[in-house]
$ cat my_file_4.cif   # mmCIF, C-alpha atoms
data_structure
loop_
_atom_site.label_atom_id
_atom_site.label_comp_id
_atom_site.auth_asym_id
_atom_site.auth_seq_id
_atom_site.Cartn_x
_atom_site.Cartn_y
_atom_site.Cartn_z
CA MET A 1 -3.44 5.51 -34.93
CA THR A 2 -1.16 3.06 -33.14
CA THR A 3 2.54 2.39 -33.68
CA ILE A 4 1.78 -1.07 -35.09
CA SER A 5 -0.72 0.33 -37.63
CA LEU A 6 1.85 2.90 -38.81
CA VAL A 7 4.54 0.20 -39.08
CA LEU A 8 2.22 -2.05 -41.13
CA VAL A 9 1.13 0.75 -43.49
CA LEU A 10 4.73 1.93 -43.98
CA THR A 11 5.90 -1.67 -44.52
CA ALA A 12 3.24 -2.08 -47.25
CA LEU A 13 4.32 1.21 -48.88
CA ILE A 14 8.06 0.41 -48.77
CA ALA A 15 7.48 -3.16 -50.02
CA PHE A 16 5.42 -1.80 -52.94
CA VAL A 17 7.94 0.87 -53.98
CA ALA A 18 10.98 -1.42 -53.59
CA GLY A 19 9.13 -4.25 -55.40
CA GLN A 20 8.32 -2.03 -58.39
CA LEU A 21 11.91 -0.72 -58.59
CA LEU A 22 13.31 -4.27 -58.46
CA LEU A 23 10.92 -5.48 -61.18
CA LYS A 24 11.89 -2.54 -63.41
CA LYS A 25 15.57 -3.34 -62.82
CA ALA A 26 14.92 -7.01 -63.66
CA MET A 27 13.05 -6.18 -66.88
CA ASP A 28 15.78 -3.75 -67.96
CA ALA A 29 18.32 -6.54 -67.34
CA SER A 30 16.20 -8.96 -69.39
CA ASN A 31 16.50 -6.58 -72.37
CA VAL A 32 20.29 -6.94 -72.19
CA GLY A 33 21.08 -10.43 -70.90
CA GLY A 34 17.83 -12.36 -71.40
CA PHE A 35 15.71 -14.15 -68.80
CA ALA A 36 18.42 -16.56 -67.65
CA SER A 37 20.88 -13.94 -66.45
CA ARG A 38 21.46 -13.46 -62.72
CA LYS A 39 20.82 -9.74 -63.12
CA PHE A 40 17.26 -10.65 -64.09
CA VAL A 41 16.51 -13.61 -61.77
CA TRP A 42 17.45 -12.11 -58.38
CA PRO A 43 15.77 -8.70 -58.65
CA PHE A 44 12.74 -10.43 -60.21
CA ALA A 45 12.40 -12.94 -57.35
CA ALA A 46 12.91 -10.22 -54.70
CA GLY A 47 10.42 -7.92 -56.47
CA ILE A 48 7.72 -10.60 -56.67
CA PHE A 49 8.30 -11.48 -52.98
CA LEU A 50 7.92 -7.84 -51.87
CA LEU A 51 4.80 -7.31 -53.99
CA THR A 52 3.28 -10.49 -52.46
CA VAL A 53 3.95 -9.13 -48.94
CA GLN A 54 2.35 -5.83 -49.93
CA PHE A 55 -0.62 -7.62 -51.52
CA PHE A 56 -1.55 -9.48 -48.33
CA LEU A 57 -0.96 -6.43 -46.12
CA ASN A 58 -3.25 -4.37 -48.36
CA LEU A 59 -5.89 -7.08 -48.16
CA GLY A 60 -5.71 -7.20 -44.36
CA LEU A 61 -5.19 -3.53 -43.45
CA PRO A 62 -8.63 -2.24 -44.56
CA GLN A 63 -10.28 -4.90 -42.36
CA ARG A 64 -8.55 -3.51 -39.29
CA TYR A 65 -7.92 0.17 -39.83
CA ASP A 66 -9.84 3.14 -41.14
CA LEU A 67 -9.48 3.68 -44.89
CA SER A 68 -8.93 7.40 -44.32
CA PHE A 69 -5.70 6.41 -42.57
CA ILE A 70 -4.54 3.95 -45.28
CA TYR A 71 -5.32 5.81 -48.52
CA PRO A 72 -3.07 8.87 -48.09
CA PHE A 73 -0.11 6.45 -47.97
CA GLN A 74 -1.34 4.81 -51.18
CA GLY A 75 -1.50 8.23 -52.82
CA LEU A 76 2.07 8.91 -51.75
CA SER A 77 3.32 5.89 -53.73
CA VAL A 78 3.04 7.79 -57.05
CA ILE A 79 5.36 10.59 -55.90
CA ILE A 80 7.75 8.21 -54.13
CA ILE A 81 8.02 5.83 -57.13
CA SER A 82 8.67 8.72 -59.55
CA ILE A 83 11.42 10.15 -57.32
CA ALA A 84 12.89 6.72 -56.52
CA ALA A 85 12.95 5.83 -60.25
CA ALA A 86 14.93 9.02 -60.88
CA ILE A 87 17.41 8.37 -58.05
CA VAL A 88 17.81 4.57 -58.16
CA LEU A 89 17.17 3.84 -61.86
CA ARG A 90 18.50 7.19 -63.14
CA GLU A 91 15.37 7.90 -65.14
CA SER A 92 15.00 11.51 -66.22
CA LEU A 93 12.46 13.36 -64.08
CA THR A 94 11.13 16.52 -65.73
CA PRO A 95 9.24 19.25 -63.79
CA LYS A 96 6.13 18.25 -65.79
CA LEU A 97 6.39 14.64 -64.54
CA VAL A 98 6.73 15.87 -60.94
CA ILE A 99 3.71 18.19 -61.23
CA GLY A 100 1.70 15.39 -62.88
CA ALA A 101 2.68 12.91 -60.14
CA VAL A 102 1.72 15.38 -57.36
CA LEU A 103 -1.69 16.08 -58.97
CA ILE A 104 -2.36 12.35 -59.41
CA SER A 105 -1.36 11.67 -55.77
CA VAL A 106 -3.66 14.36 -54.36
CA GLY A 107 -6.43 13.21 -56.71
CA ILE A 108 -6.11 9.58 -55.56
CA VAL A 109 -6.44 10.65 -51.92
CA LEU A 110 -9.58 12.71 -52.71
CA VAL A 111 -11.13 9.87 -54.77
CA SER A 112 -10.36 7.30 -52.07
CA LEU A 113 -11.45 9.29 -49.03
CA THR A 114 -15.00 10.00 -50.12
CA MET B 1 14.20 7.57 -73.79
CA ALA B 2 10.59 6.46 -73.67
CA THR B 3 10.77 3.49 -75.99
CA GLN B 4 13.45 1.23 -77.37
CA ASN B 5 12.76 -1.13 -80.29
CA LYS B 6 9.10 -0.81 -79.42
CA PRO B 7 7.05 -3.86 -80.49
CA THR B 8 3.89 -3.20 -82.49
CA GLY B 9 0.37 -4.66 -82.50
CA PHE B 10 -0.69 -6.76 -79.51
CA ALA B 11 2.79 -6.53 -77.96
CA ASN B 12 2.78 -2.70 -78.15
CA PRO B 13 3.70 -1.62 -74.59
CA TRP B 14 1.07 1.16 -74.55
CA PHE B 15 -1.64 -1.35 -75.49
CA GLN B 16 -0.32 -3.72 -72.81
CA LEU B 17 -0.43 -0.84 -70.29
CA ALA B 18 -4.11 -0.31 -71.14
CA LEU B 19 -4.75 -4.06 -70.73
CA SER B 20 -2.91 -4.09 -67.40
CA VAL B 21 -5.02 -1.17 -66.13
CA ALA B 22 -8.23 -2.94 -67.21
CA PHE B 23 -7.20 -6.12 -65.35
CA VAL B 24 -6.37 -4.08 -62.22
CA ALA B 25 -9.74 -2.28 -62.32
CA VAL B 26 -11.65 -5.59 -62.43
CA TYR B 27 -9.53 -7.38 -59.80
CA GLU B 28 -9.68 -4.43 -57.40
CA LEU B 29 -13.46 -4.63 -57.54
CA LEU B 30 -13.34 -8.41 -56.91
CA LEU B 31 -10.87 -8.04 -54.00
CA LYS B 32 -12.99 -5.32 -52.47
CA MET B 33 -16.02 -7.62 -52.64
CA GLY B 34 -13.91 -10.43 -51.15
CA ALA B 35 -12.58 -8.28 -48.30
CA THR B 36 -16.10 -7.13 -47.43
CA GLU B 37 -17.37 -10.70 -47.50
CA THR B 38 -14.65 -11.97 -45.13
CA ALA B 39 -14.59 -8.94 -42.79
CA HIS B 40 -16.47 -10.95 -40.13
CA ILE B 41 -13.46 -13.24 -39.62
CA ALA B 42 -11.18 -10.23 -39.06
CA GLY B 43 -10.88 -11.14 -35.39
CA ALA B 44 -8.87 -14.26 -36.27
CA ARG B 45 -5.24 -14.36 -35.20
CA TRP B 46 -3.69 -13.93 -38.67
CA ALA B 47 -6.36 -11.58 -40.05
CA TRP B 48 -3.91 -8.65 -40.25
CA THR B 49 -2.03 -10.52 -42.99
CA GLY B 50 -5.16 -10.49 -45.16
CA ILE B 51 -4.97 -14.28 -45.47
CA SER B 52 -8.61 -14.59 -44.35
CA GLY B 53 -9.57 -13.02 -47.72
CA LEU B 54 -8.77 -16.41 -49.29
CA ALA B 55 -12.05 -17.68 -47.81
CA SER B 56 -13.90 -15.67 -50.47
CA LEU B 57 -14.56 -16.93 -54.02
CA TYR B 58 -14.24 -13.34 -55.30
CA VAL B 59 -10.60 -13.26 -54.15
CA TRP B 60 -9.90 -16.51 -56.04
CA LEU B 61 -11.56 -15.08 -59.16
CA GLY B 62 -9.38 -12.00 -58.79
CA ILE B 63 -6.11 -13.96 -58.53
CA PRO B 64 -5.87 -14.96 -62.27
CA LEU B 65 -6.50 -11.32 -63.15
CA ILE B 66 -3.73 -10.24 -60.75
CA ILE B 67 -1.35 -12.63 -62.54
CA LEU B 68 -2.44 -11.33 -65.98
CA SER B 69 -2.04 -7.73 -64.84
CA LEU B 70 1.45 -8.56 -63.54
CA ILE B 71 2.50 -10.22 -66.83
CA THR B 72 1.26 -7.27 -68.91
CA TRP B 73 2.88 -4.85 -66.41
CA LEU B 74 6.24 -6.65 -66.69
CA HIS B 75 6.03 -6.31 -70.48
CA VAL B 76 5.34 -2.58 -70.05
CA LEU B 77 8.40 -2.22 -67.77
CA ARG B 78 10.66 -3.62 -70.50
CA TYR B 79 9.96 -0.63 -72.72
CA ILE B 80 8.53 2.30 -70.73
CA PRO B 81 10.33 4.15 -67.88
CA LEU B 82 8.77 3.49 -64.44
CA SER B 83 8.42 7.23 -63.74
CA ILE B 84 6.06 7.48 -66.76
CA ALA B 85 4.33 4.07 -66.74
CA PHE B 86 3.43 4.07 -63.03
CA PRO B 87 1.68 7.47 -62.88
CA ILE B 88 -0.25 6.57 -66.07
CA SER B 89 -1.31 3.22 -64.55
CA GLN B 90 -3.07 5.24 -61.83
CA VAL B 91 -5.82 6.01 -64.37
CA VAL B 92 -7.46 3.05 -62.61
CA HIS B 93 -8.45 5.46 -59.80
CA VAL B 94 -10.53 7.37 -62.37
CA LEU B 95 -11.89 4.30 -64.16
CA VAL B 96 -13.20 2.47 -61.07
CA PRO B 97 -15.40 5.30 -59.72
CA LEU B 98 -16.55 6.25 -63.25
CA CYS B 99 -17.52 2.63 -64.03
CA SER B 100 -19.31 2.35 -60.67
CA TRP B 101 -21.19 5.55 -61.54
CA LEU B 102 -22.07 4.60 -65.13
CA LEU B 103 -22.71 0.86 -64.68
CA LEU B 104 -23.83 0.50 -61.07
CA GLY B 105 -25.45 3.90 -60.67
CA GLU B 106 -23.32 4.73 -57.62
CA PHE B 107 -23.35 8.31 -56.38
CA ILE B 108 -20.18 10.38 -56.76
CA THR B 109 -19.64 13.16 -54.21
CA SER B 110 -18.33 16.57 -55.31
CA LEU B 111 -15.07 15.91 -53.46
CA ARG B 112 -14.64 12.69 -55.43
CA TRP B 113 -15.34 14.56 -58.71
CA CYS B 114 -12.54 16.97 -57.70
CA GLY B 115 -10.24 13.96 -57.16
CA ILE B 116 -11.17 12.49 -60.55
CA ALA B 117 -10.47 15.88 -62.17
CA LEU B 118 -7.07 16.19 -60.44
CA VAL B 119 -5.98 12.66 -61.43
CA SER B 120 -7.12 13.31 -65.05
CA LEU B 121 -5.22 16.62 -65.15
CA GLY B 122 -2.12 14.94 -63.74
CA LEU B 123 -2.41 12.15 -66.32
CA ALA B 124 -2.72 14.67 -69.15
CA ILE B 125 0.41 16.49 -67.92
CA VAL B 126 2.39 13.22 -67.68
CA ALA B 127 1.12 11.73 -70.96
CA LYS B 128 1.48 14.81 -73.20
CA PRO B 129 5.31 14.90 -73.39
CA VAL B 130 5.26 11.12 -73.97
CA ALA B 131 2.83 11.47 -76.90
CA ARG B 132 5.04 14.18 -78.40
CA LEU B 133 8.16 12.02 -77.97
CA GLU B 134 6.38 9.11 -79.69
CA ASP B 135 5.41 11.38 -82.61
CA ARG B 136 9.02 12.52 -82.98
CA LEU B 137 10.26 8.93 -82.92
CA GLU B 138 7.74 7.94 -85.60
CA GLU B 139 8.76 10.91 -87.76
CA LYS B 140 12.39 9.76 -87.59
CA LEU B 141 11.38 6.25 -88.73
#
$ encode --input "my_file_4.cif" --output "structure tokens"
Amino acid sequence: MTTISLVLVLTALIAFVAGQLLLKKAMDASNVGGFASRKFVWPFAAGIFLLTVQFFLNLGLPQRYDLSFIYPFQGLSVIIISIAAAIVLRESLTPKLVIGAVLISVGIVLVSLT
Amino acid sequence: MATQNKPTGFANPWFQLALSVAFVAVYELLLKMGATETAHIAGARWAWTGISGLASLYVWLGIPLIILSLITWLHVLRYIPLSIAFPISQVVHVLVPLCSWLLLGEFITSLRWCGIALVSLGLAIVAKPVARLEDRLEEKL
């Protein structure tokens, strides 16, 4: 594992999580102010941009690095998104949701590694 | 709150979530085939960006499905909290290996079966309170 590989994998993970949060924020804003409001347009554009960055990184990373290095980070995204949604979007996070997210994360890693 | 003025029929966010997952399952398979096909040009200067994948027809076939999955996903986000919708969308990690096993006859290792079981258990834990909340909402209506 090199520094550059870690930076690329973490960039993909952060871009994915931030992109999803921004899209959720945009869609919530569209429920209130419609699709023409600034509160929709800016988070939407930023979210799509970040998900595009993540898309190309995820396409390129498996060609260069071992999947056993990449997948654990992908598994982490479920836990991180659930926690980030609670903190940033103030969604209610019950203990059941946390347990479910942890089980899904571990499961994804096991499914992906083998 | 899980739902607000939830549309019914085709626009039902839970149906759209299922559609989104189905699109993701198919495009992941296509992208995987595309990445494998273009792996030989991985030595190119910009290969780390994944841009070389565009040389594969499979990747181009996957792109419309990515757009459809995004549109359905955006619809889902209008009505379902991210902390519920996202974990449920991960059912794709169960569907892809199961489809490969049932349709393509691929072998599933015991470790992978354990992973499938863990994801399924996690999904059941996340989805159960949602189902109960939906029932309560319907009773009120």
$ closest_residue --input "my_file_4.cif" --among "A:Leu21, A:Leu50, A:Val88, A:Leu113" --to "Ile116 of chain B" --atoms "only C-alpha atoms"
A:Leu113
$ closest_residue --input "my_file_4.cif" --among "A:Asn31, A:Ser37, A:Phe73, A:Leu22" --to "chain B" --atoms "only C-alpha atoms"
A:Asn31
$ atom_distance --input "my_file_4.cif" --atom1 "atom CA of Leu54 of chain B" --atom2 "atom CA of Phe49 of chain A"
18.1 Å
$ interface_residues --input "my_file_4.cif" --of "chain B" --to "chain A" --cutoff "8 Å" --atoms "all atoms listed in the file" --output "MDAnalysis selection string"
chainID B and resid 31 35 39 42 47:53 74:75 77:78 81:84 86:87 90 93 97 109 111:126
$ write_last_selection --input "my_file_4.cif" --atoms "C-alpha atoms" --output "mmCIF file, in the frame of the given file"
data_model
loop_
_atom_site.group_PDB
_atom_site.id
_atom_site.type_symbol
_atom_site.label_atom_id
_atom_site.label_comp_id
_atom_site.auth_asym_id
_atom_site.auth_seq_id
_atom_site.Cartn_x
_atom_site.Cartn_y
_atom_site.Cartn_z
ATOM 1 C CA LEU B 31 -10.870 -8.040 -54.000
ATOM 2 C CA ALA B 35 -12.580 -8.280 -48.300
ATOM 3 C CA ALA B 39 -14.590 -8.940 -42.790
ATOM 4 C CA ALA B 42 -11.180 -10.230 -39.060
ATOM 5 C CA ALA B 47 -6.360 -11.580 -40.050
ATOM 6 C CA TRP B 48 -3.910 -8.650 -40.250
ATOM 7 C CA THR B 49 -2.030 -10.520 -42.990
ATOM 8 C CA GLY B 50 -5.160 -10.490 -45.160
ATOM 9 C CA ILE B 51 -4.970 -14.280 -45.470
ATOM 10 C CA SER B 52 -8.610 -14.590 -44.350
ATOM 11 C CA GLY B 53 -9.570 -13.020 -47.720
ATOM 12 C CA LEU B 74 6.240 -6.650 -66.690
ATOM 13 C CA HIS B 75 6.030 -6.310 -70.480
ATOM 14 C CA LEU B 77 8.400 -2.220 -67.770
ATOM 15 C CA ARG B 78 10.660 -3.620 -70.500
ATOM 16 C CA PRO B 81 10.330 4.150 -67.880
ATOM 17 C CA LEU B 82 8.770 3.490 -64.440
ATOM 18 C CA SER B 83 8.420 7.230 -63.740
ATOM 19 C CA ILE B 84 6.060 7.480 -66.760
ATOM 20 C CA PHE B 86 3.430 4.070 -63.030
ATOM 21 C CA PRO B 87 1.680 7.470 -62.880
ATOM 22 C CA GLN B 90 -3.070 5.240 -61.830
ATOM 23 C CA HIS B 93 -8.450 5.460 -59.800
ATOM 24 C CA PRO B 97 -15.400 5.300 -59.720
ATOM 25 C CA THR B 109 -19.640 13.160 -54.210
ATOM 26 C CA LEU B 111 -15.070 15.910 -53.460
ATOM 27 C CA ARG B 112 -14.640 12.690 -55.430
ATOM 28 C CA TRP B 113 -15.340 14.560 -58.710
ATOM 29 C CA CYS B 114 -12.540 16.970 -57.700
ATOM 30 C CA GLY B 115 -10.240 13.960 -57.160
ATOM 31 C CA ILE B 116 -11.170 12.490 -60.550
ATOM 32 C CA ALA B 117 -10.470 15.880 -62.170
ATOM 33 C CA LEU B 118 -7.070 16.190 -60.440
ATOM 34 C CA VAL B 119 -5.980 12.660 -61.430
ATOM 35 C CA SER B 120 -7.120 13.310 -65.050
ATOM 36 C CA LEU B 121 -5.220 16.620 -65.150
ATOM 37 C CA GLY B 122 -2.120 14.940 -63.740
ATOM 38 C CA LEU B 123 -2.410 12.150 -66.320
ATOM 39 C CA ALA B 124 -2.720 14.670 -69.150
ATOM 40 C CA ILE B 125 0.410 16.490 -67.920
ATOM 41 C CA VAL B 126 2.390 13.220 -67.680
#
$ closest_residue --input "my_file_4.cif" --among "A:Ala18, A:Leu67, A:Ile87, A:Leu13" --to "Ala46 of chain A" --atoms "all atoms listed in the file"
A:Ala18
$ resolve_selection --input "my_file_4.cif" --expression "the PyMOL selection byres ((chain B and resi 69) around 12)" --output "ChimeraX atom specification"
/B:16-28,62-68,70-76,89
$ axis_aligned_box --input "my_file_4.cif" --around "segment 69-82 of chain A" --padding-each-side "3 Å" --output "lines of an AutoDock Vina configuration file"
center_x = 1.5
center_y = 7.3
center_z = -51.1
size_x = 20.4
size_y = 12.6
size_z = 23.0
$ atom_distance --input "my_file_4.cif" --atom1 "atom CA of Tyr79 of chain B" --atom2 "atom CA of Pro13 of chain B"
6.6 Å
$ atom_distance --input "my_file_4.cif" --atom1 "atom CA of Val7 of chain A" --atom2 "atom CA of Glu37 of chain B"
25.9 Å
$ build_atoms --input "my_file_4.cif" --residues "segment 28-42 of chain B" --atoms "N, CA and C atoms" --output "short mmCIF file (atom, residue, chain, number, x, y, z; two decimals), in the coordinates of the input"
data_model
loop_
_atom_site.label_atom_id
_atom_site.label_comp_id
_atom_site.auth_asym_id
_atom_site.auth_seq_id
_atom_site.Cartn_x
_atom_site.Cartn_y
_atom_site.Cartn_z
N GLU B 28 -9.49 -5.25 -58.60
CA GLU B 28 -9.68 -4.43 -57.40
C GLU B 28 -11.12 -4.52 -56.91
N LEU B 29 -12.03 -4.51 -57.87
CA LEU B 29 -13.46 -4.63 -57.54
C LEU B 29 -13.73 -5.99 -56.88
N LEU B 30 -13.14 -7.07 -57.46
CA LEU B 30 -13.34 -8.41 -56.91
C LEU B 30 -12.73 -8.53 -55.51
N LEU B 31 -11.53 -7.96 -55.32
CA LEU B 31 -10.87 -8.04 -54.00
C LEU B 31 -11.65 -7.27 -52.95
N LYS B 32 -12.20 -6.13 -53.39
CA LYS B 32 -12.99 -5.32 -52.47
C LYS B 32 -14.20 -6.13 -52.00
N MET B 33 -14.85 -6.80 -52.98
CA MET B 33 -16.02 -7.62 -52.64
C MET B 33 -15.60 -8.77 -51.72
N GLY B 34 -14.42 -9.34 -51.98
CA GLY B 34 -13.91 -10.43 -51.15
C GLY B 34 -13.58 -9.98 -49.74
N ALA B 35 -12.96 -8.81 -49.61
CA ALA B 35 -12.58 -8.28 -48.30
C ALA B 35 -13.83 -7.98 -47.46
N THR B 36 -14.85 -7.44 -48.14
CA THR B 36 -16.10 -7.13 -47.43
C THR B 36 -16.76 -8.42 -46.94
N GLU B 37 -16.72 -9.43 -47.82
CA GLU B 37 -17.37 -10.70 -47.50
C GLU B 37 -16.71 -11.40 -46.31
N THR B 38 -15.37 -11.23 -46.17
CA THR B 38 -14.65 -11.97 -45.13
C THR B 38 -14.33 -11.09 -43.91
N ALA B 39 -14.90 -9.87 -43.88
CA ALA B 39 -14.59 -8.94 -42.79
C ALA B 39 -14.98 -9.52 -41.42
N HIS B 40 -15.99 -10.40 -41.41
CA HIS B 40 -16.47 -10.95 -40.13
C HIS B 40 -15.45 -11.87 -39.46
N ILE B 41 -14.47 -12.39 -40.26
CA ILE B 41 -13.46 -13.24 -39.62
C ILE B 41 -12.19 -12.44 -39.32
N ALA B 42 -12.34 -11.11 -39.28
CA ALA B 42 -11.18 -10.23 -39.06
C ALA B 42 -10.61 -10.38 -37.66
#
